[in-house]
Amino acid sequence: MKLVRENILEIEPYQPGKPIKEVERELGIKEAVKMASNENPLGPSPRAVEAMREALREVNLYPDGSAYYLKRALAEHLNVGEGNIIFGNGSDEIIRMIAETFLNEGEEAVIAQPAFIIYRMAVKVMNGKPQLVNLRNFTHDLVAMGEAVNEKTKLVFIANPNNPTGTMVTHEEVHSFMNKIPEEVIVVFDEAYYEYITRDDFPRTIDYIRHGRNVITLRTFSKIYGLAGLRIGYGIAREDLIKDMNRVRQPFNTNCLAQVAALAALKDKEHIERSRSINRGGKDFLYRALDKLKISYIPSEANFILIDLRQEAGGICQNLMREGIIVRSMGIYGLGNFIRVTIGTAEQNEKFIKALERVI
Ligand SMILES: Cc1ncc(COP(=O)(O)O)c(C=O)c1O
């Protein structure tokens with residue numbers, strides 16, 4: 001008799017970007033640069049590091065399960081009620097909690113293809129059915145996604161900007177999508193890269209929550225705030241939806257160091273601005289360098305660029321790794337000719353371009 005549930009067998013374990021130390025160990029190289037997981041190349045805010053240093057003395061105690069201080073500060077920052085916020089061990093955990101809380105067996109979730117892989121996994125864990133809708137011009141096709149919604153649909157996931165493409169859907173597109181789909185469907189806007197957005201036609205999804213719609217907006221401290229290793233993200237939704245999600249939340253799901261670091265990072269405007277500016281400058285540099293090399297790419301609203309190598313990218317990734325540059329090949333997303341590169345510091349970006357020139 002098989003012990004594992006059938007639907008679990010349909011899930012492939014998630015393969016994250018390789019850690020720097022692992023690559024260095026395997027290839028016998030030093031000073032590898034990781035541009036594979038869309039982390040902040042500037043590191044964490046120094047204020048977050050200091051806050052953690054002070055909190056270290058208290059790691060014998062369980063964390064505050066309600067994340068009181070962080071929640072209060074974030075509610076003020078977002079201009080929402082404290083009851084509208086839930087924290088997760090990364091926004092990954094909130095995606096899982098959404099599926100656990102709302103998805104009955106056999107119900108459907110509309111997801112773009114390719115989009116962030118964790119949505120599909122969370123849906124499969126609950127024995128739900130992912131309805132995959134192809135991107136159009138590398139962007140969520142909200143018209144087609146709206147058409148894929150039927151009476152079995154419980155959830156829609158929209159990564160905005162999308163990972164791995166870096167593209168965004170606009171306020172207008174979201175507006176007409178929201179007008180068309182039934183009120184009962186829960187729409188999850190995953191805005192992990194929100195703080196990098198510069199366009200003013202980006203949708204204001206929290207307004208839908210204020211107007212009582214079944215919307216959950218996800219954001220994270222892993223990207224611009226530079227705290228990916230601490231695992232802390234958050235969801236914003238109507239109070240009743242948050243209450244329901246709290247029924248499945250592990251009592252101490254965000255740890256005490258993550259909470260104090262996130263609070264300090266939220267307040268460190270200077271670090272956020274520097275991060276944004278490094279990203280902008282790095283993106284311009286990479287666009288120009290790629291143009292010069294006649295390599296095409298998808299213009300990005302986030303802190304990474306999807307690059308079309310027009311040839312199988314797996315081997316090129318391996319060769320880049322030997323040059324000390326870790327990037328992600330996009331085969332798992334069905335984009336075998338593409339790599340996704342996180343925008344690094346000026347020095348890292350130059351190193352990447354030089355290595356790319358050598359291996360291509
Ligand atoms: C679109 C998207 N959502 C969520 C996440 C997960 O973020 P977290 O570190 O908060 O779990 C990522 C991470 O790469 C992402 O790209």
# chains A, B, ... in the order shown; residues from 1 in each chain; ligands from 1
$ select_by_dssp --residues "stretch 104-328 of chain A" --states "strand (DSSP E)" --output "compact mmCIF listing (two decimals) with C-alpha atoms, in the first residue's frame"
# COMPACT_ATOMS: atom_id res chain seq x y z
CA GLU A 108 -10.07 25.11 -8.78
CA ALA A 109 -7.44 27.82 -8.66
CA VAL A 110 -6.69 29.88 -11.75
CA ILE A 111 -2.95 30.44 -12.10
CA ALA A 112 -0.86 31.88 -14.93
CA GLN A 113 1.68 29.73 -16.73
CA LYS A 129 -7.08 21.71 -9.31
CA PRO A 130 -4.72 24.29 -10.77
CA GLN A 131 -6.20 25.81 -13.95
CA LEU A 132 -3.20 27.08 -15.85
CA VAL A 133 -3.64 30.00 -18.25
CA ASN A 134 -0.79 30.88 -20.58
CA THR A 153 -13.13 28.32 -9.04
CA LYS A 154 -12.30 29.34 -5.49
CA LEU A 155 -8.96 31.11 -5.95
CA VAL A 156 -7.11 33.18 -8.52
CA PHE A 157 -3.40 33.88 -8.07
CA ILE A 158 -1.87 36.91 -9.76
CA ALA A 159 1.82 37.59 -9.23
CA ILE A 186 -10.84 35.04 -3.77
CA VAL A 187 -8.24 36.92 -5.78
CA VAL A 188 -4.69 36.80 -4.42
CA PHE A 189 -2.41 39.59 -5.62
CA ASP A 190 1.15 38.56 -4.84
CA VAL A 215 -8.94 40.05 -2.18
CA ILE A 216 -5.73 39.06 -0.41
CA THR A 217 -2.63 41.13 -1.10
CA LEU A 218 0.73 39.53 -0.30
CA ARG A 219 3.99 41.32 0.31
CA THR A 220 7.29 40.34 1.85
CA GLY A 233 6.09 38.11 4.73
CA TYR A 234 2.54 39.31 5.20
CA GLY A 235 -0.97 39.18 3.82
CA ILE A 236 -3.57 41.95 3.87
CA SER A 296 17.04 39.98 -25.89
CA TYR A 297 15.27 40.23 -22.55
CA ILE A 298 11.87 41.00 -21.10
CA PHE A 304 15.44 40.58 -11.87
CA ILE A 305 15.52 40.20 -15.64
CA LEU A 306 14.36 37.29 -17.76
CA ILE A 307 16.89 36.87 -20.56
CA ASP A 308 16.28 34.98 -23.80
CA ILE A 325 28.00 33.46 -11.25
CA ILE A 326 24.87 31.70 -10.02
CA ARG A 328 18.57 30.41 -12.65
$ closest_atom_pairs --of "chain A" --to "ligand 1" --cutoff "10 Å" --atoms "only C-alpha atoms and all ligand atoms" --output "Markdown table"
| residue | atom | partner | partner_atom_place_in_ligand_line | distance |
| --- | --- | --- | --- | --- |
| A:Pro16 | CA | ligand 1 | 14 (O) | 9.1 |
| A:Gly17 | CA | ligand 1 | 14 (O) | 9.8 |
| A:Ala36 | CA | ligand 1 | 14 (O) | 9.5 |
| A:Ser37 | CA | ligand 1 | 14 (O) | 6.2 |
| A:Asn38 | CA | ligand 1 | 14 (O) | 6.2 |
| A:Glu39 | CA | ligand 1 | 14 (O) | 8.1 |
| A:Phe87 | CA | ligand 1 | 10 (O) | 9.8 |
| A:Gly88 | CA | ligand 1 | 10 (O) | 7.8 |
| A:Asn89 | CA | ligand 1 | 11 (O) | 6.9 |
| A:Gly90 | CA | ligand 1 | 11 (O) | 3.4 |
| A:Ser91 | CA | ligand 1 | 10 (O) | 3.6 |
| A:Asp92 | CA | ligand 1 | 11 (O) | 3.8 |
| A:Glu93 | CA | ligand 1 | 11 (O) | 6.6 |
| A:Ile94 | CA | ligand 1 | 11 (O) | 8.1 |
| A:Ile95 | CA | ligand 1 | 4 (C) | 8.2 |
| A:Ala115 | CA | ligand 1 | 1 (C) | 7.6 |
| A:Phe116 | CA | ligand 1 | 1 (C) | 5.4 |
| A:Ile117 | CA | ligand 1 | 2 (C) | 8.7 |
| A:Ile118 | CA | ligand 1 | 4 (C) | 7.8 |
| A:Tyr119 | CA | ligand 1 | 3 (N) | 8.8 |
| A:Phe157 | CA | ligand 1 | 1 (C) | 9.9 |
| A:Ile158 | CA | ligand 1 | 1 (C) | 8.6 |
| A:Ala159 | CA | ligand 1 | 1 (C) | 5.2 |
| A:Asn160 | CA | ligand 1 | 1 (C) | 7.0 |
| A:Pro161 | CA | ligand 1 | 1 (C) | 7.1 |
| A:Asn162 | CA | ligand 1 | 1 (C) | 5.8 |
| A:Asn163 | CA | ligand 1 | 16 (O) | 4.9 |
| A:Pro164 | CA | ligand 1 | 16 (O) | 7.2 |
| A:Thr165 | CA | ligand 1 | 16 (O) | 9.9 |
| A:Gly166 | CA | ligand 1 | 1 (C) | 9.1 |
| A:Phe189 | CA | ligand 1 | 1 (C) | 9.2 |
| A:Asp190 | CA | ligand 1 | 3 (N) | 5.7 |
| A:Glu191 | CA | ligand 1 | 1 (C) | 6.6 |
| A:Ala192 | CA | ligand 1 | 3 (N) | 5.0 |
| A:Tyr193 | CA | ligand 1 | 1 (C) | 7.2 |
| A:Tyr194 | CA | ligand 1 | 1 (C) | 9.9 |
| A:Leu218 | CA | ligand 1 | 3 (N) | 7.7 |
| A:Arg219 | CA | ligand 1 | 10 (O) | 6.9 |
| A:Thr220 | CA | ligand 1 | 10 (O) | 4.4 |
| A:Phe221 | CA | ligand 1 | 10 (O) | 6.3 |
| A:Ser222 | CA | ligand 1 | 9 (O) | 4.7 |
| A:Lys223 | CA | ligand 1 | 9 (O) | 7.3 |
| A:Gly226 | CA | ligand 1 | 9 (O) | 9.9 |
| A:Leu227 | CA | ligand 1 | 9 (O) | 8.2 |
| A:Ala228 | CA | ligand 1 | 9 (O) | 5.3 |
| A:Gly229 | CA | ligand 1 | 9 (O) | 8.0 |
| A:Leu230 | CA | ligand 1 | 9 (O) | 8.6 |
| A:Arg231 | CA | ligand 1 | 9 (O) | 5.8 |
| A:Ile232 | CA | ligand 1 | 10 (O) | 5.8 |
| A:Gly233 | CA | ligand 1 | 10 (O) | 4.6 |
| A:Tyr234 | CA | ligand 1 | 10 (O) | 7.7 |
| A:Ala302 | CA | ligand 1 | 16 (O) | 9.5 |
| A:Asn303 | CA | ligand 1 | 16 (O) | 9.9 |
| A:Phe304 | CA | ligand 1 | 16 (O) | 9.8 |
$ write_last_selection --atoms "N, CA and C atoms" --output "compact mmCIF listing (two decimals), in the first residue's frame"
# COMPACT_ATOMS: atom_id res chain seq x y z
N PRO A 16 15.20 25.49 -5.17
CA PRO A 16 15.61 26.89 -5.02
C PRO A 16 16.95 27.16 -5.71
N GLY A 17 17.28 28.45 -5.86
CA GLY A 17 18.61 28.82 -6.36
C GLY A 17 19.66 28.23 -5.42
N ALA A 36 20.49 34.64 -8.24
CA ALA A 36 19.55 33.58 -8.61
C ALA A 36 18.22 33.62 -7.87
N SER A 37 18.13 34.35 -6.78
CA SER A 37 16.91 34.23 -5.96
C SER A 37 16.26 35.57 -5.65
N ASN A 38 16.61 36.58 -6.42
CA ASN A 38 15.98 37.90 -6.29
C ASN A 38 16.08 38.48 -4.88
N GLU A 39 17.28 38.26 -4.30
CA GLU A 39 17.55 38.85 -2.98
C GLU A 39 18.11 40.26 -3.15
N PHE A 87 0.85 37.55 9.31
CA PHE A 87 2.25 37.32 8.95
C PHE A 87 2.49 35.85 8.65
N GLY A 88 3.48 35.61 7.82
CA GLY A 88 3.85 34.24 7.50
C GLY A 88 5.35 34.05 7.54
N ASN A 89 5.76 32.80 7.62
CA ASN A 89 7.17 32.43 7.56
C ASN A 89 7.60 32.56 6.09
N GLY A 90 7.71 33.82 5.66
CA GLY A 90 7.80 34.13 4.23
C GLY A 90 6.38 34.19 3.67
N SER A 91 6.21 34.91 2.56
CA SER A 91 4.86 34.92 1.98
C SER A 91 4.52 33.53 1.42
N ASP A 92 5.55 32.72 1.17
CA ASP A 92 5.33 31.32 0.80
C ASP A 92 4.34 30.64 1.75
N GLU A 93 4.55 30.88 3.05
CA GLU A 93 3.69 30.21 4.03
C GLU A 93 2.25 30.74 3.94
N ILE A 94 2.12 32.01 3.60
CA ILE A 94 0.75 32.56 3.52
C ILE A 94 0.03 31.95 2.31
N ILE A 95 0.77 31.72 1.23
CA ILE A 95 0.17 31.07 0.06
C ILE A 95 -0.36 29.70 0.47
N ALA A 115 4.09 31.14 -13.85
CA ALA A 115 4.08 32.11 -12.75
C ALA A 115 4.77 31.44 -11.58
N PHE A 116 4.81 32.11 -10.46
CA PHE A 116 5.50 31.60 -9.28
C PHE A 116 4.99 30.18 -8.95
N ILE A 117 5.92 29.23 -8.83
CA ILE A 117 5.56 27.81 -8.77
C ILE A 117 4.85 27.41 -7.47
N ILE A 118 5.08 28.16 -6.43
CA ILE A 118 4.52 27.80 -5.11
C ILE A 118 2.98 27.75 -5.12
N TYR A 119 2.31 28.56 -5.97
CA TYR A 119 0.84 28.55 -5.99
C TYR A 119 0.33 27.15 -6.33
N PHE A 157 -4.69 33.32 -8.51
CA PHE A 157 -3.40 33.88 -8.07
C PHE A 157 -2.84 34.78 -9.17
N ILE A 158 -2.49 35.99 -8.79
CA ILE A 158 -1.87 36.91 -9.76
C ILE A 158 -0.59 37.46 -9.14
N ALA A 159 0.54 37.05 -9.72
CA ALA A 159 1.82 37.59 -9.23
C ALA A 159 2.07 38.89 -9.98
N ASN A 160 2.18 39.96 -9.24
CA ASN A 160 2.30 41.26 -9.88
C ASN A 160 3.33 42.12 -9.16
N PRO A 161 4.51 42.35 -9.76
CA PRO A 161 5.00 41.78 -11.02
C PRO A 161 5.16 40.26 -10.92
N ASN A 162 5.13 39.65 -12.10
CA ASN A 162 5.23 38.20 -12.14
C ASN A 162 6.68 37.73 -11.98
N ASN A 163 6.83 36.62 -11.33
CA ASN A 163 8.09 35.88 -11.30
C ASN A 163 7.82 34.62 -12.14
N PRO A 164 8.54 34.33 -13.19
CA PRO A 164 9.89 34.79 -13.54
C PRO A 164 9.97 35.88 -14.62
N THR A 165 8.88 36.49 -15.03
CA THR A 165 8.97 37.37 -16.20
C THR A 165 9.26 38.84 -15.84
N GLY A 166 8.89 39.25 -14.63
CA GLY A 166 9.12 40.64 -14.22
C GLY A 166 8.09 41.61 -14.78
N PHE A 189 -3.40 38.79 -4.90
CA PHE A 189 -2.41 39.59 -5.62
C PHE A 189 -1.09 39.44 -4.87
N ASP A 190 -0.14 38.77 -5.48
CA ASP A 190 1.15 38.56 -4.84
C ASP A 190 2.10 39.68 -5.29
N GLU A 191 2.32 40.62 -4.39
CA GLU A 191 3.12 41.81 -4.73
C GLU A 191 4.47 41.77 -4.02
N ALA A 192 5.17 40.65 -4.17
CA ALA A 192 6.47 40.48 -3.48
C ALA A 192 7.47 41.57 -3.88
N TYR A 193 7.31 42.11 -5.10
CA TYR A 193 8.29 43.09 -5.60
C TYR A 193 7.73 44.51 -5.61
N TYR A 194 6.66 44.71 -4.86
CA TYR A 194 5.91 45.96 -4.85
C TYR A 194 6.80 47.20 -4.71
N LEU A 218 -0.45 40.08 -0.99
CA LEU A 218 0.73 39.53 -0.30
C LEU A 218 1.95 40.39 -0.56
N ARG A 219 2.70 40.64 0.47
CA ARG A 219 3.99 41.32 0.31
C ARG A 219 5.01 40.65 1.23
N THR A 220 6.24 41.08 1.12
CA THR A 220 7.29 40.34 1.85
C THR A 220 8.44 41.24 2.30
N PHE A 221 9.13 40.78 3.33
CA PHE A 221 10.37 41.45 3.76
C PHE A 221 11.60 40.80 3.12
N SER A 222 11.36 39.84 2.20
CA SER A 222 12.48 39.10 1.61
C SER A 222 13.18 39.84 0.48
N LYS A 223 12.51 40.80 -0.12
CA LYS A 223 13.06 41.39 -1.35
C LYS A 223 13.73 42.73 -1.03
N GLY A 226 15.52 43.08 2.25
CA GLY A 226 16.77 42.33 2.42
C GLY A 226 16.77 41.30 3.55
N LEU A 227 15.61 40.72 3.87
CA LEU A 227 15.56 39.79 5.00
C LEU A 227 15.13 38.37 4.60
N ALA A 228 15.47 37.96 3.39
CA ALA A 228 15.00 36.66 2.87
C ALA A 228 15.33 35.50 3.82
N GLY A 229 16.50 35.56 4.43
CA GLY A 229 16.95 34.47 5.30
C GLY A 229 16.16 34.36 6.59
N LEU A 230 15.45 35.42 6.95
CA LEU A 230 14.68 35.38 8.21
C LEU A 230 13.29 34.82 8.02
N ARG A 231 12.82 34.80 6.78
CA ARG A 231 11.50 34.28 6.43
C ARG A 231 10.38 35.05 7.11
N ILE A 232 10.03 36.19 6.53
CA ILE A 232 8.84 36.89 7.03
C ILE A 232 8.18 37.68 5.89
N GLY A 233 6.90 37.41 5.72
CA GLY A 233 6.09 38.11 4.73
C GLY A 233 4.72 38.35 5.33
N TYR A 234 3.85 39.04 4.61
CA TYR A 234 2.54 39.31 5.20
C TYR A 234 1.44 39.33 4.16
N ALA A 302 10.70 44.55 -11.77
CA ALA A 302 11.13 44.00 -10.48
C ALA A 302 12.66 44.09 -10.33
N ASN A 303 13.24 43.22 -9.52
CA ASN A 303 14.69 43.27 -9.29
C ASN A 303 15.42 42.12 -10.00
N PHE A 304 14.82 41.66 -11.10
CA PHE A 304 15.44 40.58 -11.87
C PHE A 304 15.05 40.75 -13.33
$ residues_around --residues "A:Arg274" --least-positions-apart "2" --cutoff "12 Å" --atoms "only C-alpha atoms" --output "MDAnalysis selection string"
chainID A and resid 40:45 195:196 224:226 268:272 276:282 345
$ write_last_selection --atoms "C-alpha atoms" --output "compact mmCIF listing (two decimals), in the first residue's frame"
# COMPACT_ATOMS: atom_id res chain seq x y z
CA ASN A 40 18.74 42.34 -2.10
CA PRO A 41 22.44 42.60 -3.08
CA LEU A 42 22.95 45.43 -0.54
CA GLY A 43 22.19 43.08 2.33
CA PRO A 44 19.87 43.83 5.24
CA SER A 45 19.34 47.26 6.74
CA GLU A 195 8.56 48.32 -3.46
CA TYR A 196 10.50 48.25 -6.75
CA ILE A 224 13.74 45.12 -1.00
CA TYR A 225 13.96 44.84 2.80
CA GLY A 226 16.77 42.33 2.42
CA ASP A 268 14.84 52.41 7.45
CA LYS A 269 13.75 54.60 4.55
CA GLU A 270 17.34 55.35 3.57
CA HIS A 271 18.17 51.67 3.03
CA ILE A 272 15.01 51.15 0.99
CA ARG A 276 15.70 51.01 -5.11
CA SER A 277 18.31 53.24 -6.67
CA ILE A 278 20.91 50.43 -6.98
CA ASN A 279 18.23 48.36 -8.68
CA ARG A 280 17.30 51.12 -11.12
CA GLY A 281 20.94 51.79 -12.00
CA GLY A 282 21.72 48.08 -12.32
CA THR A 345 25.47 45.63 -7.29
$ residues_around --residues "A:Asn214" --least-positions-apart "4" --cutoff "8 Å" --atoms "only C-alpha atoms" --output "ChimeraX atom specification"
/A:183-187,208-209,237-238
$ write_last_selection --atoms "C-alpha atoms" --output "mmCIF file, in the first residue's frame"
data_model
loop_
_atom_site.group_PDB
_atom_site.id
_atom_site.type_symbol
_atom_site.label_atom_id
_atom_site.label_comp_id
_atom_site.auth_asym_id
_atom_site.auth_seq_id
_atom_site.Cartn_x
_atom_site.Cartn_y
_atom_site.Cartn_z
ATOM 1 C CA GLU A 183 -17.640 38.248 -5.825
ATOM 2 C CA GLU A 184 -17.170 34.838 -4.112
ATOM 3 C CA VAL A 185 -13.872 34.104 -5.857
ATOM 4 C CA ILE A 186 -10.840 35.036 -3.769
ATOM 5 C CA VAL A 187 -8.235 36.915 -5.779
ATOM 6 C CA TYR A 208 -10.461 46.372 -3.163
ATOM 7 C CA ILE A 209 -10.042 45.094 0.403
ATOM 8 C CA ALA A 237 -7.268 41.105 3.620
ATOM 9 C CA ARG A 238 -10.687 41.734 5.094
#
$ atom_distance --atom1 "atom CA of A:Pro63" --atom2 "atom CA of A:Met245"
19.1 Å
